[in-house]
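What follows is a single structure, written as structure tokens, with notes after it.
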Amino acid sequence: MIAVTGGTHEEFREYVVARGPTLLRAAYQLTGHPNDAEDLLQAALVKTYLAWDRIQERAAMDAYVRRAMVNINISWWRRRKLEEYPSEELPEPVLTGGYGYLPERVEQALDRLPTRMRAAVMLRYYEDMTEPEIAKALGISVGTVKSTVSRAMAKLRGDLTIPEQRQLEPQA
């Protein structure tokens, strides 16, 4: 059980109330699943709470929590990596009538990316990390980061391109 002191507990509670929704969105972007995002944020907040007295720069608290989320998420997907196997067949794409709201479509396209691709894109474009920083965070080479981000962006472009509507030729 964590020993709770009045000031630390109240200050931490205020931080979580104020920043929780923003951090949950970041966790969702990393995991792609609402329940996993909640678990990830909770685990990161526990680590943050345990280190609360050692963290000198309160203004950098979001960065501390996001870094904890990235590290925890990497640990989780490394453990699950052996449980997931590629399939011989690709699933049929789901076609919808409307094209929807762009941010929603981007989020859905990110959800469809494999875990490492999603993490690399999130770190590169949402966290604005450099390729060497991403390589260090994910435990891969800089070249692998470049190819992973490139392939992920190609997939995202493919997912977000509106197919050209076919025009019916008049019957002669």
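Ordering of the structure tokens sets the chain letters (A, B, ...), residue numbers begin anew at 1 in every chain, and ligands are numbered from 1 in the order given.
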
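With only C-alpha atoms taken into account, the protein and nucleic acid residues at most 10 Å from Ala120 (chain A) (excluding it and anything under 2 positions from it in its own chain) are A:Leu30, A:Thr115, A:Arg116, A:Met117, A:Arg118, A:Met122, A:Leu123, A:Arg124, A:Tyr125, A:Tyr126, A:Glu127, A:Met129, A:Glu131, A:Ile134, A:Ala135, A:Ala137, A:Leu138, A:Thr144, A:Val145, A:Lys146, A:Thr148, A:Val149, A:Ser150, A:Ala152.
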
Compare A:Val65, A:Thr161, A:Phe12, A:Gly143 by their minimum atom-to-atom distance to Asp53 (chain A), counting only C-alpha atoms, and give me the closest one.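 Of all the options, A:Phe12 lies closest to Asp53 (chain A).
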
Give the answer as one residue: which of A:Ala60, A:Ala68, A:Val106, A:Val16 has the shortest atom-to-atom distance to Leu40 (chain A), using only C-alpha atoms?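 That would be A:Ala68, the residue with the smallest distance to Leu40 (chain A).
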
Rounded to one decimal, what separation in Å do you get between CA of Ala119 (chain A) and CA of Arg80 (chain A)? 14.7 Å

Using only C-alpha atoms, can you tell me which of A:Ala37, A:Leu113, A:Val70, A:Met153 comes closest to Arg25 (chain A)? A:Ala37
